[in-house]
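**Q** Quick one: the structure is below, and I'll ask about it shortly.
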Amino acid sequence: MKIALAQLNYTIGAFEENAGKMIRAIEKAKQQQASLVVFSELAICGYPPLDLLEYRYFVDRCLLYIQKVASACHGIAALVGAPSLNPEPPGKNLFNSAYFLEGGTIRRIFHKTLLPTYDIFDEYRYFEPNGTFSLLECEGCRIAVTICEDLWYKQPILTGFGKDRLYPVCPMDELKPLQPDLVINMAASPFSWQHDTIKAGILAENAVKYGLPLLYVNQVGAHCELIFDGGSMVIGREGRRLLRLNLFGEDFAVVDTNDLTVTGTIKDWPASPRAAQDESAIALIHDALVLGIRDYFGKTGLKTAVLGLSGGIDSAVTLVLACNALGSGNLHALLLPSQYSSDHSVRDAIHLAENLGVSYHIISIGNIFDSFRSSLHPLFKDLPEDITEENIQARIRGNLLMAFSNKFGHILLNTSNKSEAAVGYGTLYGDMSGGLSVLGDVYKTDVYRLAAYINRDREIIPRSSILKAPSAELRPGQKDSDSLPEYEVLDRILYNYVECKKSVGEMTDQGFDRNLVEKIVRMVNRFEYKRFQAPPVLRISSKSFGFGRRMPVVASY
C-alpha cells in the first residue's frame with residue numbers, strides 16, 4: 001500500500017483555498033498510485049481557528065468543504081483534519097477529528113483524545129475528548145490514527161471518560177492491543193527552536209515504545225504569532241528516521257508500507273532539498289521569521305512594509321528578514337536621526353538600505369523635538385531633562401512612521417527584541433509601535449547571531465552596526481549598558497525566568513548575583529502592562545510574549 005503525505009500551508013477560514021489545495025494533492029497522489037493521502041490536523045479550516053469554532057456558520061462551512069474534498073476521493077482515500085459535531089451532549093459541542101474519506105463520501109471519523117491546555121494551546125475550551133478507540137482498515141493495512149497526541153503525550157492535558165473525572169489517557173496504549181500495522185499522526189505542531197530536536201526524539205521514542213512505524217504529517221505556514229515548520233516525517237519501528245519533508249515549505253511524498261513493516265527492506269528515501277540545510281538553531285530561527293513575515297502579509301492581503309532604520313543591529317536584522325520575505329521593492333525605510341544620533345549610525349543605515357536595494361528617506365527629528373520642548377516649557381519650566389524627553393523623541397519617531405504607514409498603506413514593522421520587551425526597555429506609542437513584532441521573541445544575543453548568519457557569505461549588514469555598543473541614542477553618549485547589565489548576562493537570567501520559569505532562589509543557586517536577579521525579575525513583572533499593548537510577536541521559542549504567556553497586568557508578584 002502506498003500512502004501520500006501532503007504537507008500544505010493553509011489559511012484559517014479560507015475554505016475554498018484549503019480544499020482546493022487538498023483536491024490537487026489528492027489528484028497528485030492518484031497519479032503516483034497512492035491508496036491513501038494524509039493531511040494535517042484541522043486542515044480544512046486551518047489551525048488554530050480559536051473562537052471561530054464558537055460560530056455555527058464556521059463549523060457548517062467546515063462540514064460543507066469536507067464533503068467537497070470527499071467528492072474527489074474516488075479510487076483513493078484521504079485522512080483530513082476538521083472539527084466534527086458531538087452528537088451526545090452534555091459535553092463540548094465539537095470534537096477535533098480526522099475524517100476518513102473514500103468513495104466520494106465520509107466513511108469513518110476518529111476523534112482526538114489528548115487535548116493540550118498549556119502555553120499557546122487551549123483545546124479543552126472547544127473540544128470534547130475522545131473516549132472510544134478503533135483502528136482504520138485501508139487496503140488490508142490496520143492503521144492507528146492519532147491527532148498530534150504522539151507528539152504531546154508528555155505535556156499537560158485534560159481528557160478522560162465519564163462525567164465526573166478527568167485523567168490522562170494515551171491513545172496508543174488503547175490502540176496497541178488492537179494490533180495495528182502502523183501509526184499515522186496528523187499534527188499541527190508549531191515551531192520553536194528548542195523543540196525541533198525534541199520533536200523528532202519523541203516521535204522516535206513512540207515508534208520504539210509501540211514497535212510500530214509512524215507517519216507524521218504536520219502543517220506548514222504561519223498564522224500571525226504561530227509559525228508551523230512542516231518537517232513531516234516517517235519513523236521506522238526501530239526509531240530510525242526514514243524520511244523528512246521540507247522545513248518551512250510545502251512538500252509532498254509517497255511512501256510504501258512494505259518498506260516500513262517488513263524487516264530488512266527498510267530504505268532511506270532521499271530527503272527533500274531543504275532537509276539537508278544547515279539546521280543550527282539560528283538558521284532555523286532565520287527561516288522561521290522569514291516565513292512568519294511572508295505569511296502575515298500574504299494571508300492578510302498586505303504587500304508593503306515600512307520600518308525605522310537606525311543604523312543599529314535590531315532594525316538592520318529586521319530589514320534583511322523582511323527583504324527576504326517580501327522583496328526589496330515592497331519595503332521602505334525611514335531614517336529619523338536626532339541631534340544625539342551619530343554620523344556613523346546614519347551612514348550605516350544608508351549603507352544597508354543601498355546594499356539591499358530598499359528605498360529610504362531621511363527626516364531629522366531635531367526641529368520637531370525642539371518644538372515639543374518649547375510647547376512644554378510653560379509646564380516643565382526649568383526641570384532637568386530625563387526619560388520624559390527621551391520618550392518624546394521615541395514617540396516623534398513613532399508618529400512619523402505611523403504617518404508614513406497611514407498615508408501609503410505600508411504596515412509598520414516593529415524592531416524591538418525580546419530582551420528589551422522583557423525588561424520594559426521601550427516606549428509605548430514610540431519604538432513599540434507596529435503591526436507586527438519581528439524580533440520580539442529573539443533575545444539580543446541571538447540578534448547578534450542572526451546578523452552573523454546573514455553575513456555568513458558576504459557583508460550585508462555593515463560590520464560597524466554589529467560591533468558598536470548598543471544604544472537608543474536619545475541622550476548624549478547613551479548606551480544600553482547604562483540601564484541594563486551586559487546582554488550575555490541579562491539574556492541568561494531572562495531565559496531562566498521566562499522560558500524555564502525558575503525562581504530568584506533557583507537562579508541564585510545557579511550562581512547568578514541575587515540582587516541583579518531580583519532587579520531583573522522586578523522589571524519583567526513591572527512592565528507587563530507594556531507587553532499587553534505590544535504588537536503580535538512572531539513566536540520562535542517555547543515561551544514567547546503573547547497569548548502563550550498569560551500574566552496578570554495588576555498583581556503583587
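Residue names in the C-alpha cells use chain letters A, B, ... in the order shown, residue numbers from 1 in each chain, and ligand numbers from 1 in the order shown.
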Could you name the residues that touch A:Leu436 at 10 Å or less, counting only C-alpha atoms, but leaving out those on the same chain fewer than 3 positions away, as a list in words?
**A** Cys224, Glu225, Gly292, Ile293, Tyr296, Phe297, Ile411, Leu412, Leu413, Asn414, Thr415, Ser433, Leu439, Gly440, Ala534, Pro535, Pro536, Val537 and Leu538 of chain A
**Q** Output N, CA and C atoms for every residue in that selection, as an mmCIF file, in the first residue's frame.
**A**
data_model
loop_
_atom_site.group_PDB
_atom_site.id
_atom_site.type_symbol
_atom_site.label_atom_id
_atom_site.label_comp_id
_atom_site.auth_asym_id
_atom_site.auth_seq_id
_atom_site.Cartn_x
_atom_site.Cartn_y
_atom_site.Cartn_z
ATOM 1 N N CYS A 224 -0.185 34.531 12.009
ATOM 2 C CA CYS A 224 0.141 35.634 12.910
ATOM 3 C C CYS A 224 1.293 35.228 13.830
ATOM 4 N N GLU A 225 1.040 34.986 15.099
ATOM 5 C CA GLU A 225 2.129 34.684 16.026
ATOM 6 C C GLU A 225 2.730 33.305 15.789
ATOM 7 N N GLY A 292 7.290 33.658 8.766
ATOM 8 C CA GLY A 292 6.305 34.377 9.563
ATOM 9 C C GLY A 292 5.924 35.711 8.951
ATOM 10 N N ILE A 293 6.921 36.453 8.483
ATOM 11 C CA ILE A 293 6.646 37.749 7.844
ATOM 12 C C ILE A 293 5.888 37.537 6.536
ATOM 13 N N TYR A 296 2.276 36.456 7.163
ATOM 14 C CA TYR A 296 1.483 37.511 7.792
ATOM 15 C C TYR A 296 0.980 38.478 6.728
ATOM 16 N N PHE A 297 1.856 38.825 5.803
ATOM 17 C CA PHE A 297 1.460 39.743 4.746
ATOM 18 C C PHE A 297 0.599 39.032 3.707
ATOM 19 N N ILE A 411 2.562 48.607 6.187
ATOM 20 C CA ILE A 411 2.481 48.150 7.576
ATOM 21 C C ILE A 411 3.817 48.407 8.265
ATOM 22 N N LEU A 412 3.747 48.988 9.454
ATOM 23 C CA LEU A 412 4.963 49.269 10.213
ATOM 24 C C LEU A 412 5.452 48.005 10.912
ATOM 25 N N LEU A 413 6.692 47.636 10.639
ATOM 26 C CA LEU A 413 7.322 46.511 11.318
ATOM 27 C C LEU A 413 8.029 47.010 12.566
ATOM 28 N N ASN A 414 7.733 46.372 13.691
ATOM 29 C CA ASN A 414 8.396 46.705 14.939
ATOM 30 C C ASN A 414 9.740 45.996 15.007
ATOM 31 N N THR A 415 10.748 46.668 15.544
ATOM 32 C CA THR A 415 12.111 46.126 15.530
ATOM 33 C C THR A 415 12.652 45.806 16.925
ATOM 34 N N SER A 433 5.705 50.777 18.657
ATOM 35 C CA SER A 433 4.632 50.812 17.665
ATOM 36 C C SER A 433 4.891 49.776 16.571
ATOM 37 N N LEU A 439 11.195 40.673 15.885
ATOM 38 C CA LEU A 439 12.237 40.149 16.775
ATOM 39 C C LEU A 439 11.779 40.063 18.230
ATOM 40 N N GLY A 440 10.491 40.192 18.476
ATOM 41 C CA GLY A 440 10.002 40.237 19.853
ATOM 42 C C GLY A 440 10.178 38.950 20.627
ATOM 43 N N ALA A 534 1.590 45.620 23.236
ATOM 44 C CA ALA A 534 2.560 45.482 22.157
ATOM 45 C C ALA A 534 1.931 44.794 20.943
ATOM 46 N N PRO A 535 2.531 44.946 19.759
ATOM 47 C CA PRO A 535 2.017 44.246 18.574
ATOM 48 C C PRO A 535 2.245 42.749 18.677
ATOM 49 N N PRO A 536 1.554 41.947 17.860
ATOM 50 C CA PRO A 536 1.761 40.497 17.894
ATOM 51 C C PRO A 536 3.209 40.147 17.571
ATOM 52 N N VAL A 537 3.706 39.113 18.267
ATOM 53 C CA VAL A 537 5.111 38.725 18.191
ATOM 54 C C VAL A 537 5.235 37.396 17.453
ATOM 55 N N LEU A 538 6.119 37.328 16.474
ATOM 56 C CA LEU A 538 6.395 36.055 15.805
ATOM 57 C C LEU A 538 7.063 35.115 16.801
#
**Q** Where does DSSP see alpha helix (DSSP H) in stretch 354-485 of chain A, if you list the residues as a PyMOL selection string?
**A** chain A and resi 354-356+366-380+387-408+418-423+444-454+463-467
**Q** Can you write just those residues out, C-alpha atoms, as a short mmCIF file (atom, residue, chain, number, x, y, z; two decimals), in the first residue's frame?
**A**
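The resulting file, result_34.cif, is reproduced below:
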data_model
loop_
_atom_site.label_atom_id
_atom_site.label_comp_id
_atom_site.auth_asym_id
_atom_site.auth_seq_id
_atom_site.Cartn_x
_atom_site.Cartn_y
_atom_site.Cartn_z
CA GLU A 354 21.59 50.57 -0.55
CA ASN A 355 23.04 47.05 -0.11
CA LEU A 356 19.50 45.66 -0.18
CA GLY A 366 15.63 67.74 15.81
CA ASN A 367 13.30 70.65 14.95
CA ILE A 368 10.21 68.64 15.90
CA PHE A 369 11.78 67.78 19.25
CA ASP A 370 12.63 71.45 19.83
CA SER A 371 9.01 72.41 19.19
CA PHE A 372 7.88 69.90 21.83
CA ARG A 373 10.35 71.36 24.30
CA SER A 374 9.13 74.85 23.56
CA SER A 375 5.46 73.91 23.87
CA LEU A 376 6.03 72.07 27.16
CA HIS A 377 8.32 74.67 28.71
CA PRO A 378 5.48 76.57 30.45
CA LEU A 379 4.66 73.31 32.23
CA PHE A 380 8.13 71.81 32.70
CA ILE A 387 13.44 59.94 30.48
CA THR A 388 10.49 62.17 29.55
CA GLU A 389 12.48 63.86 26.82
CA GLU A 390 13.86 60.50 25.67
CA ASN A 391 10.35 59.13 25.31
CA ILE A 392 9.22 62.24 23.41
CA GLN A 393 11.87 61.53 20.78
CA ALA A 394 10.80 57.89 20.52
CA ARG A 395 7.17 58.95 20.12
CA ILE A 396 8.04 61.53 17.48
CA ARG A 397 9.66 58.72 15.50
CA GLY A 398 6.66 56.51 16.10
CA ASN A 399 4.31 59.25 14.87
CA LEU A 400 6.33 59.83 11.71
CA LEU A 401 6.48 56.13 10.95
CA MET A 402 2.75 55.72 11.52
CA ALA A 403 2.01 58.78 9.36
CA PHE A 404 4.03 57.24 6.52
CA SER A 405 2.25 53.93 7.12
CA ASN A 406 -1.20 55.52 7.05
CA LYS A 407 -0.60 57.71 4.02
CA PHE A 408 0.79 54.98 1.77
CA LYS A 418 12.84 40.09 23.38
CA SER A 419 15.43 41.33 25.88
CA GLU A 420 14.11 44.88 25.59
CA ALA A 421 10.48 43.77 25.70
CA ALA A 422 11.13 41.66 28.80
CA VAL A 423 12.50 44.48 30.92
CA LYS A 444 19.55 40.39 21.92
CA THR A 445 22.42 37.89 21.96
CA ASP A 446 20.55 35.87 19.31
CA VAL A 447 20.02 39.02 17.24
CA TYR A 448 23.81 39.20 17.00
CA ARG A 449 23.91 35.55 15.95
CA LEU A 450 21.28 36.24 13.31
CA ALA A 451 23.40 39.11 11.99
CA ALA A 452 26.41 36.80 11.77
CA TYR A 453 24.29 34.21 9.94
CA ILE A 454 23.03 36.84 7.49
CA ARG A 463 30.18 45.49 10.27
CA SER A 464 30.07 48.68 12.33
CA SER A 465 26.34 48.14 13.03
CA ILE A 466 27.27 44.83 14.63
CA LEU A 467 30.37 45.96 16.53
#
**Q** Here is a test: counting only C-alpha atoms, which residue of A:Ile26, A:Leu182, A:Ala207, A:Ile44 is nearest to A:Ala14?
**A**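 Smallest separation from A:Ala14 among the options: A:Ile44.
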**Q** With only C-alpha atoms as the counted atoms, please give the residues lying no more than 9 Å from A:Leu5, apart from itself and same-chain residues fewer than 4 positions off, as a list in words.
**A** Ala29, Leu36, Val37, Val38, Phe39, Leu215, Tyr216, Val217, Ser232, Met233, Leu245, Asp251, Phe252, Ala253, Val254 and Val255 of chain A
**Q** Calculated over only C-alpha atoms, which of the candidates A:Ser310, A:Pro190, A:Asn9, A:Ile461 has the smallest distance to A:Asp343?
**A**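 So, comparing all the options, the nearest one is A:Ser310.
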**Q** Please provide as JSON, numbers by chain all residues within 12 Å of stretch 62-65 of chain A, with the sequence filter that same-chain residues fewer than 5 positions apart are discarded (counting only C-alpha atoms).
**A** {"A": [12, 13, 14, 15, 16, 17, 18, 19, 20, 21, 22, 23, 42, 43, 44, 45, 46, 49, 52, 53, 55, 56, 57, 70, 71, 72, 80, 81, 82, 83, 84, 85, 94, 96, 97, 99, 105, 106]}
**Q** Find, counting only C-alpha atoms, the residue in A:Leu484, A:Ala283, A:Ile198, A:Leu8 that gets nearest to A:Gln219.
**A**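 Answer, going by the shortest atom-to-atom distance: A:Leu8.
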**Q** Rank nothing, just name the residue among A:Ala353, A:Leu226, A:Ile493, A:Val69 nearest to A:Phe545, using only C-alpha atoms.
**A**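 Of all the options, A:Leu226 lies closest to A:Phe545.
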**Q** Nearest to A:Val220 among A:Leu284, A:Val234, A:Cys170, A:Ala188, with distances taken over only C-alpha atoms: which residue is it?
**A**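 Answer, going by the shortest atom-to-atom distance: A:Ala188.
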**Q** At what distance in Å, to one decimal, does atom CA of A:Ser192 lie from atom CA of A:Ala6?
**A**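 That distance, rounded to one decimal, is 21.7 Å.
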**Q** Given only C-alpha atoms as the basis, pick out the residue of A:Asn515, A:Tyr529, A:Asp60, A:Leu291 nearest to A:Thr427.
**A**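 Result for the nearest residue to A:Thr427: A:Tyr529.
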**Q** I'd like the contact shell of A:Asp256 - 10 Å cut-off, only C-alpha atoms, skipping same-chain residues fewer than 3 positions apart - returned as a ChimeraX atom specification.
**A** /A:1-4,34-35,259-261,266
**Q** How about saving the chosen residues, N, CA and C atoms kept, as a PDB file, in the first residue's frame?
**A**
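The file below, result.pdb, is the result:
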ATOM      1  N   MET A   1       0.844  -1.197   0.000  1.00  0.00           N
ATOM      2  CA  MET A   1       0.000   0.000   0.000  1.00  0.00           C
ATOM      3  C   MET A   1       0.878   1.246   0.000  1.00  0.00           C
ATOM      4  N   LYS A   2       0.534   2.212  -0.846  1.00  0.00           N
ATOM      5  CA  LYS A   2       1.264   3.474  -0.879  1.00  0.00           C
ATOM      6  C   LYS A   2       0.443   4.561  -0.188  1.00  0.00           C
ATOM      7  N   ILE A   3       1.137   5.327   0.667  1.00  0.00           N
ATOM      8  CA  ILE A   3       0.491   6.413   1.409  1.00  0.00           C
ATOM      9  C   ILE A   3       1.190   7.719   1.060  1.00  0.00           C
ATOM     10  N   ALA A   4       0.414   8.732   0.695  1.00  0.00           N
ATOM     11  CA  ALA A   4       0.964  10.048   0.377  1.00  0.00           C
ATOM     12  C   ALA A   4       0.882  10.952   1.598  1.00  0.00           C
ATOM     13  N   ALA A  34      -0.984   6.131  -5.162  1.00  0.00           N
ATOM     14  CA  ALA A  34      -1.186   6.038  -3.716  1.00  0.00           C
ATOM     15  C   ALA A  34      -2.626   5.598  -3.435  1.00  0.00           C
ATOM     16  N   SER A  35      -2.792   4.846  -2.354  1.00  0.00           N
ATOM     17  CA  SER A  35      -4.130   4.421  -1.934  1.00  0.00           C
ATOM     18  C   SER A  35      -4.733   5.364  -0.911  1.00  0.00           C
ATOM     19  N   ASP A 259       7.869  -1.107   2.776  1.00  0.00           N
ATOM     20  CA  ASP A 259       9.207  -0.707   3.195  1.00  0.00           C
ATOM     21  C   ASP A 259       9.254  -0.346   4.671  1.00  0.00           C
ATOM     22  N   LEU A 260       8.098  -0.287   5.321  1.00  0.00           N
ATOM     23  CA  LEU A 260       8.055   0.102   6.728  1.00  0.00           C
ATOM     24  C   LEU A 260       7.867  -1.091   7.649  1.00  0.00           C
ATOM     25  N   THR A 261       7.248  -2.119   7.167  1.00  0.00           N
ATOM     26  CA  THR A 261       6.780  -3.177   8.067  1.00  0.00           C
ATOM     27  C   THR A 261       7.529  -4.491   7.929  1.00  0.00           C
ATOM     28  N   ILE A 266      13.695  -1.951   4.923  1.00  0.00           N
ATOM     29  CA  ILE A 266      13.602  -0.511   5.171  1.00  0.00           C
ATOM     30  C   ILE A 266      14.703   0.199   4.391  1.00  0.00           C
TER      31      ILE A 266
END
**Q** Between atom CA of A:Ser341 and atom CA of A:Asp480, what is the distance in Å, rounded to a tenth?
**A**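 Between these atoms lies a distance of 14.3 Å.
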**Q** What is the distance between atom CA of A:Arg244 and atom CA of A:Gly327, in Å to one decimal?
**A** 28.6 Å
**Q** Going by DSSP on the backbone, which residues of stretch 125-239 of chain A come out as strand (DSSP E or B)? List them as JSON, numbers by chain.
**A** {"A": [127, 136, 137, 138, 141, 142, 143, 144, 145, 146, 157, 158, 182, 183, 184, 185, 186, 187, 190, 214, 215, 216, 217, 218, 220, 221, 222, 223, 226, 227, 228, 229, 230, 233, 234, 235]}
**Q** Fewer than 3 positions away in the same chain doesn't count, so skip those; otherwise give me all residues within 10 Å of A:Tyr210, counting only C-alpha atoms, as a PDB file with C-alpha atoms, in the first residue's frame.
**A**
ATOM      1  CA  MET A 172      -1.711   4.401  21.716  1.00  0.00           C
ATOM      2  CA  ASP A 173      -1.971   2.464  24.976  1.00  0.00           C
ATOM      3  CA  LEU A 175      -4.845   1.172  20.251  1.00  0.00           C
ATOM      4  CA  LYS A 176      -1.766  -1.041  20.521  1.00  0.00           C
ATOM      5  CA  PRO A 177      -3.709  -4.104  21.831  1.00  0.00           C
ATOM      6  CA  PRO A 180      -2.177  -2.022  14.246  1.00  0.00           C
ATOM      7  CA  LEU A 182       1.450   1.378  11.674  1.00  0.00           C
ATOM      8  CA  VAL A 183       0.590   4.753  13.207  1.00  0.00           C
ATOM      9  CA  GLU A 205      10.581   7.156  21.183  1.00  0.00           C
ATOM     10  CA  ASN A 206       6.949   6.383  20.394  1.00  0.00           C
ATOM     11  CA  ALA A 207       7.856   4.261  17.389  1.00  0.00           C
ATOM     12  CA  PRO A 213       6.381   2.619  12.112  1.00  0.00           C
ATOM     13  CA  LEU A 214       5.000   6.133  12.418  1.00  0.00           C
ATOM     14  CA  ARG A 237       9.696   0.892  14.152  1.00  0.00           C
ATOM     15  CA  GLU A 238      13.256   0.904  15.478  1.00  0.00           C
TER      16      GLU A 238
END
